[in-house]
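Containing mmCIF, C-alpha atoms; chains and numbers go by the auth columns: structure_28.cif.
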data_work
loop_
_atom_site.group_PDB
_atom_site.id
_atom_site.type_symbol
_atom_site.label_atom_id
_atom_site.label_comp_id
_atom_site.label_asym_id
_atom_site.label_seq_id
_atom_site.Cartn_x
_atom_site.Cartn_y
_atom_site.Cartn_z
_atom_site.B_iso_or_equiv
_atom_site.auth_seq_id
_atom_site.auth_asym_id
ATOM 1 C CA MET A 1 147.409 160.434 57.035 0.00 13 A
ATOM 2 C CA LEU A 2 150.908 161.470 56.052 0.00 14 A
ATOM 3 C CA ALA A 3 151.539 163.839 53.180 0.00 15 A
ATOM 4 C CA VAL A 4 151.802 162.293 49.735 0.00 16 A
ATOM 5 C CA THR A 5 154.754 164.454 48.816 0.00 17 A
ATOM 6 C CA SER A 6 157.251 165.784 51.293 0.00 18 A
ATOM 7 C CA HIS A 7 160.248 168.090 51.272 0.00 19 A
ATOM 8 C CA ALA A 8 163.646 166.506 51.023 0.00 20 A
ATOM 9 C CA CYS A 9 166.635 167.824 52.928 0.00 21 A
ATOM 10 C CA ARG A 10 167.367 170.455 50.282 0.00 22 A
ATOM 11 C CA PRO A 11 164.866 173.320 49.970 0.00 23 A
ATOM 12 C CA GLY A 12 162.700 173.151 46.885 0.00 24 A
ATOM 13 C CA VAL A 13 163.376 169.464 46.225 0.00 25 A
ATOM 14 C CA MET A 14 160.367 167.160 46.384 0.00 26 A
ATOM 15 C CA THR A 15 160.538 163.409 46.826 0.00 27 A
ATOM 16 C CA GLU A 16 157.669 161.125 45.844 0.00 28 A
ATOM 17 C CA LEU A 17 157.144 158.190 48.175 0.00 29 A
ATOM 18 C CA SER A 18 155.553 154.997 46.897 0.00 30 A
ATOM 19 C CA GLU A 19 152.007 154.114 47.868 0.00 31 A
ATOM 20 C CA ARG A 20 153.333 151.113 49.801 0.00 32 A
ATOM 21 C CA THR A 21 155.760 153.297 51.762 0.00 33 A
ATOM 22 C CA ARG A 22 153.069 155.870 52.558 0.00 34 A
ATOM 23 C CA ALA A 23 150.731 153.084 53.703 0.00 35 A
ATOM 24 C CA ASN A 24 153.470 151.624 55.914 0.00 36 A
ATOM 25 C CA MET A 25 154.151 155.061 57.387 0.00 37 A
ATOM 26 C CA ASP A 26 150.456 155.541 58.185 0.00 38 A
ATOM 27 C CA VAL A 27 150.217 152.138 59.871 0.00 39 A
ATOM 28 C CA VAL A 28 153.338 152.723 61.950 0.00 40 A
ATOM 29 C CA LEU A 29 152.260 156.239 62.933 0.00 41 A
ATOM 30 C CA GLU A 30 148.861 155.017 64.131 0.00 42 A
ATOM 31 C CA GLU A 31 150.287 152.027 65.997 0.00 43 A
ATOM 32 C CA THR A 32 152.926 154.165 67.686 0.00 44 A
ATOM 33 C CA CYS A 33 150.555 156.954 68.669 0.00 45 A
ATOM 34 C CA ARG A 34 148.216 154.440 70.334 0.00 46 A
ATOM 35 C CA GLN A 35 150.840 154.261 73.049 0.00 47 A
ATOM 36 C CA LEU A 36 150.330 157.968 73.816 0.00 48 A
ATOM 37 C CA PRO A 37 147.434 159.277 75.915 0.00 49 A
ATOM 38 C CA HIS A 38 144.413 159.893 73.680 0.00 50 A
ATOM 39 C CA GLY A 39 146.423 158.880 70.594 0.00 51 A
ATOM 40 C CA GLY A 40 148.922 161.693 71.035 0.00 52 A
ATOM 41 C CA ASP A 41 148.662 165.436 70.670 0.00 53 A
ATOM 42 C CA HIS A 42 149.303 167.255 67.404 0.00 54 A
ATOM 43 C CA ASP A 43 152.932 168.094 68.195 0.00 55 A
ATOM 44 C CA SER A 44 153.806 164.526 69.195 0.00 56 A
ATOM 45 C CA ARG A 45 152.166 163.051 66.105 0.00 57 A
ATOM 46 C CA ARG A 46 153.900 165.611 63.898 0.00 58 A
ATOM 47 C CA PHE A 47 157.292 164.872 65.487 0.00 59 A
ATOM 48 C CA ILE A 48 156.911 161.138 64.842 0.00 60 A
ATOM 49 C CA ALA A 49 155.569 161.731 61.309 0.00 61 A
ATOM 50 C CA GLU A 50 158.521 163.977 60.458 0.00 62 A
ATOM 51 C CA ARG A 51 160.941 161.290 61.620 0.00 63 A
ATOM 52 C CA LEU A 52 159.093 158.724 59.484 0.00 64 A
ATOM 53 C CA ILE A 53 159.244 160.974 56.429 0.00 65 A
ATOM 54 C CA GLU A 54 162.990 161.516 56.889 0.00 66 A
ATOM 55 C CA ALA A 55 163.538 157.775 57.234 0.00 67 A
ATOM 56 C CA ALA A 56 161.462 156.976 54.152 0.00 68 A
ATOM 57 C CA GLN A 57 163.348 159.557 52.099 0.00 69 A
ATOM 58 C CA ALA A 58 166.572 157.862 53.208 0.00 70 A
ATOM 59 C CA GLY A 59 165.249 154.564 51.822 0.00 71 A
ATOM 60 C CA HIS A 60 163.802 152.940 54.951 0.00 72 A
ATOM 61 C CA SER A 61 160.375 151.777 53.842 0.00 73 A
ATOM 62 C CA THR A 62 159.495 148.494 55.525 0.00 74 A
ATOM 63 C CA LEU A 63 157.167 148.221 58.495 0.00 75 A
ATOM 64 C CA GLY A 64 160.056 146.954 60.607 0.00 76 A
ATOM 65 C CA GLU A 65 162.420 149.794 59.725 0.00 77 A
ATOM 66 C CA LEU A 66 159.763 152.453 60.133 0.00 78 A
ATOM 67 C CA GLY A 67 158.622 150.897 63.401 0.00 79 A
ATOM 68 C CA ILE A 68 162.119 151.230 64.835 0.00 80 A
ATOM 69 C CA ILE A 69 162.282 154.893 63.782 0.00 81 A
ATOM 70 C CA ALA A 70 158.856 155.596 65.284 0.00 82 A
ATOM 71 C CA ARG A 71 159.726 153.896 68.576 0.00 83 A
ATOM 72 C CA ARG A 72 162.916 155.950 68.811 0.00 84 A
ATOM 73 C CA ALA A 73 160.924 159.136 68.201 0.00 85 A
ATOM 74 C CA LEU A 74 158.421 158.069 70.869 0.00 86 A
ATOM 75 C CA ALA A 75 161.287 157.444 73.298 0.00 87 A
ATOM 76 C CA GLU A 76 162.622 160.956 72.585 0.00 88 A
ATOM 77 C CA ILE A 77 159.196 162.426 73.332 0.00 89 A
ATOM 78 C CA SER A 78 159.000 160.444 76.571 0.00 90 A
ATOM 79 C CA ALA A 79 162.516 161.478 77.591 0.00 91 A
ATOM 80 C CA LYS A 80 161.587 165.139 77.091 0.00 92 A
ATOM 81 C CA GLY A 81 158.568 164.661 79.324 0.00 93 A
ATOM 82 C CA GLY A 82 156.102 165.247 76.490 0.00 94 A
#

Kindly present the structure from the file in structure tokens form.
Amino acid sequence: MLAVTSHACRPGVMTELSERTRANMDVVLEETCRQLPHGGDHDSRRFIAERLIEAAQAGHSTLGELGIIARRALAEISAKGG
């Protein structure tokens, strides 16, 4: 499950994400990581989760928007050979 509260771009600034957004992030993270062997290793899951958090803080909160972000992160992992 993704963190309830996460750091914004500026140090020391916290941003609360809505329950709906957090739930959408969890769903997208799980669906995306199913495409990785054994559901993904810790580093891969963390990389995707960090991208989702950044996107949500920027106002992207729907399943569709978050899904696009997660797929891009997955493509980056694949391109790096991870």

Write out as a short mmCIF file (atom, residue, chain, number, x, y, z; two decimals) with C-alpha atoms, in the coordinates of the input the residues lying within 7 Å of stretch 78-81 of chain A, counting only C-alpha atoms and excluding same-chain residues fewer than 6 positions away.
data_model
loop_
_atom_site.label_atom_id
_atom_site.label_comp_id
_atom_site.auth_asym_id
_atom_site.auth_seq_id
_atom_site.Cartn_x
_atom_site.Cartn_y
_atom_site.Cartn_z
CA MET A 37 154.15 155.06 57.39
CA VAL A 40 153.34 152.72 61.95
CA ARG A 63 160.94 161.29 61.62
CA LEU A 64 159.09 158.72 59.48
CA HIS A 72 163.80 152.94 54.95
#

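The coordinates place atom CA of A:Arg32 at 8.1 Å from atom CA of A:Ser73.
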
Take the PyMOL selection byres ((chain A and resi 82) around 12), run it mentally on this structure, and tell me the resulting residues as a ChimeraX atom specification. /A:36-47,56-68,72,75-81,83-89

Figure out the distance between atom CA of A:Asp55 and atom CA of A:Gln69, please, to one decimal in Å. 21.0 Å

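Between atom CA of A:Gly71 and atom CA of A:Glu31 there is a distance of 13.8 Å.
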
Please return the centre and edge lengths, in Å to one decimal, of a box with edges along x, y and z that contains all listed atoms of stretch 76-94 of chain A, widened by 5 Å on every side, as AutoDock Vina command-line options.
--center_x 159.5 --center_y 156.1 --center_z 69.5 --size_x 16.8 --size_y 28.3 --size_z 29.6

Slice of the block: stretch 58-81 of chain A, N, CA, C and O atoms, as a short mmCIF file (atom, residue, chain, number, x, y, z; two decimals), in the first residue's frame:
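Written file, out15.cif:
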data_model
loop_
_atom_site.label_atom_id
_atom_site.label_comp_id
_atom_site.auth_asym_id
_atom_site.auth_seq_id
_atom_site.Cartn_x
_atom_site.Cartn_y
_atom_site.Cartn_z
N ARG A 58 8.99 0.32 -5.90
CA ARG A 58 9.22 1.65 -5.33
C ARG A 58 9.32 2.70 -6.43
O ARG A 58 8.76 3.78 -6.32
N PHE A 59 10.02 2.37 -7.52
CA PHE A 59 10.17 3.30 -8.63
C PHE A 59 8.79 3.69 -9.19
O PHE A 59 8.50 4.87 -9.40
N ILE A 60 7.96 2.70 -9.43
CA ILE A 60 6.61 2.96 -9.96
C ILE A 60 5.79 3.75 -8.95
O ILE A 60 5.11 4.72 -9.31
N ALA A 61 5.85 3.37 -7.68
CA ALA A 61 5.10 4.07 -6.63
C ALA A 61 5.52 5.53 -6.53
O ALA A 61 4.67 6.42 -6.39
N GLU A 62 6.82 5.79 -6.63
CA GLU A 62 7.29 7.18 -6.56
C GLU A 62 6.75 8.00 -7.73
O GLU A 62 6.36 9.16 -7.55
N ARG A 63 6.72 7.41 -8.90
CA ARG A 63 6.16 8.10 -10.07
C ARG A 63 4.66 8.38 -9.86
O ARG A 63 4.17 9.45 -10.23
N LEU A 64 3.95 7.42 -9.27
CA LEU A 64 2.52 7.61 -9.01
C LEU A 64 2.30 8.73 -8.00
O LEU A 64 1.39 9.55 -8.16
N ILE A 65 3.12 8.77 -6.97
CA ILE A 65 2.99 9.82 -5.95
C ILE A 65 3.23 11.19 -6.58
O ILE A 65 2.46 12.13 -6.35
N GLU A 66 4.27 11.31 -7.38
CA GLU A 66 4.57 12.58 -8.06
C GLU A 66 3.39 13.01 -8.93
O GLU A 66 3.01 14.18 -8.95
N ALA A 67 2.83 12.06 -9.66
CA ALA A 67 1.70 12.37 -10.55
C ALA A 67 0.49 12.82 -9.74
O ALA A 67 -0.18 13.79 -10.10
N ALA A 68 0.21 12.12 -8.65
CA ALA A 68 -0.95 12.48 -7.82
C ALA A 68 -0.77 13.86 -7.21
O ALA A 68 -1.72 14.65 -7.14
N GLN A 69 0.43 14.18 -6.78
CA GLN A 69 0.70 15.50 -6.21
C GLN A 69 0.54 16.60 -7.25
O GLN A 69 0.22 17.73 -6.92
N ALA A 70 0.74 16.24 -8.52
CA ALA A 70 0.57 17.20 -9.61
C ALA A 70 -0.89 17.28 -10.06
O ALA A 70 -1.21 18.02 -10.99
N GLY A 71 -1.77 16.51 -9.42
CA GLY A 71 -3.19 16.59 -9.71
C GLY A 71 -3.75 15.49 -10.59
O GLY A 71 -4.92 15.51 -10.94
N HIS A 72 -2.94 14.51 -10.94
CA HIS A 72 -3.41 13.39 -11.76
C HIS A 72 -3.90 12.29 -10.83
O HIS A 72 -3.10 11.63 -10.18
N SER A 73 -5.21 12.10 -10.76
CA SER A 73 -5.74 11.20 -9.74
C SER A 73 -6.67 10.11 -10.27
O SER A 73 -7.06 9.23 -9.50
N THR A 74 -6.99 10.14 -11.55
CA THR A 74 -7.91 9.12 -12.05
C THR A 74 -7.15 7.83 -12.37
O THR A 74 -5.94 7.84 -12.56
N LEU A 75 -7.90 6.74 -12.44
CA LEU A 75 -7.27 5.46 -12.80
C LEU A 75 -6.59 5.55 -14.15
O LEU A 75 -5.48 5.03 -14.34
N GLY A 76 -7.22 6.22 -15.09
CA GLY A 76 -6.64 6.35 -16.43
C GLY A 76 -5.33 7.12 -16.43
O GLY A 76 -4.33 6.68 -17.02
N GLU A 77 -5.32 8.26 -15.77
CA GLU A 77 -4.10 9.08 -15.70
C GLU A 77 -2.98 8.34 -14.99
O GLU A 77 -1.84 8.30 -15.46
N LEU A 78 -3.31 7.75 -13.85
CA LEU A 78 -2.30 7.03 -13.08
C LEU A 78 -1.81 5.79 -13.83
O LEU A 78 -0.63 5.44 -13.75
N GLY A 79 -2.70 5.16 -14.57
CA GLY A 79 -2.31 3.99 -15.36
C GLY A 79 -1.29 4.35 -16.42
O GLY A 79 -0.33 3.61 -16.65
N ILE A 80 -1.47 5.49 -17.05
CA ILE A 80 -0.51 5.95 -18.06
C ILE A 80 0.85 6.19 -17.41
O ILE A 80 1.88 5.76 -17.94
N ILE A 81 0.87 6.85 -16.28
CA ILE A 81 2.12 7.13 -15.56
C ILE A 81 2.81 5.82 -15.18
O ILE A 81 4.03 5.67 -15.35
#
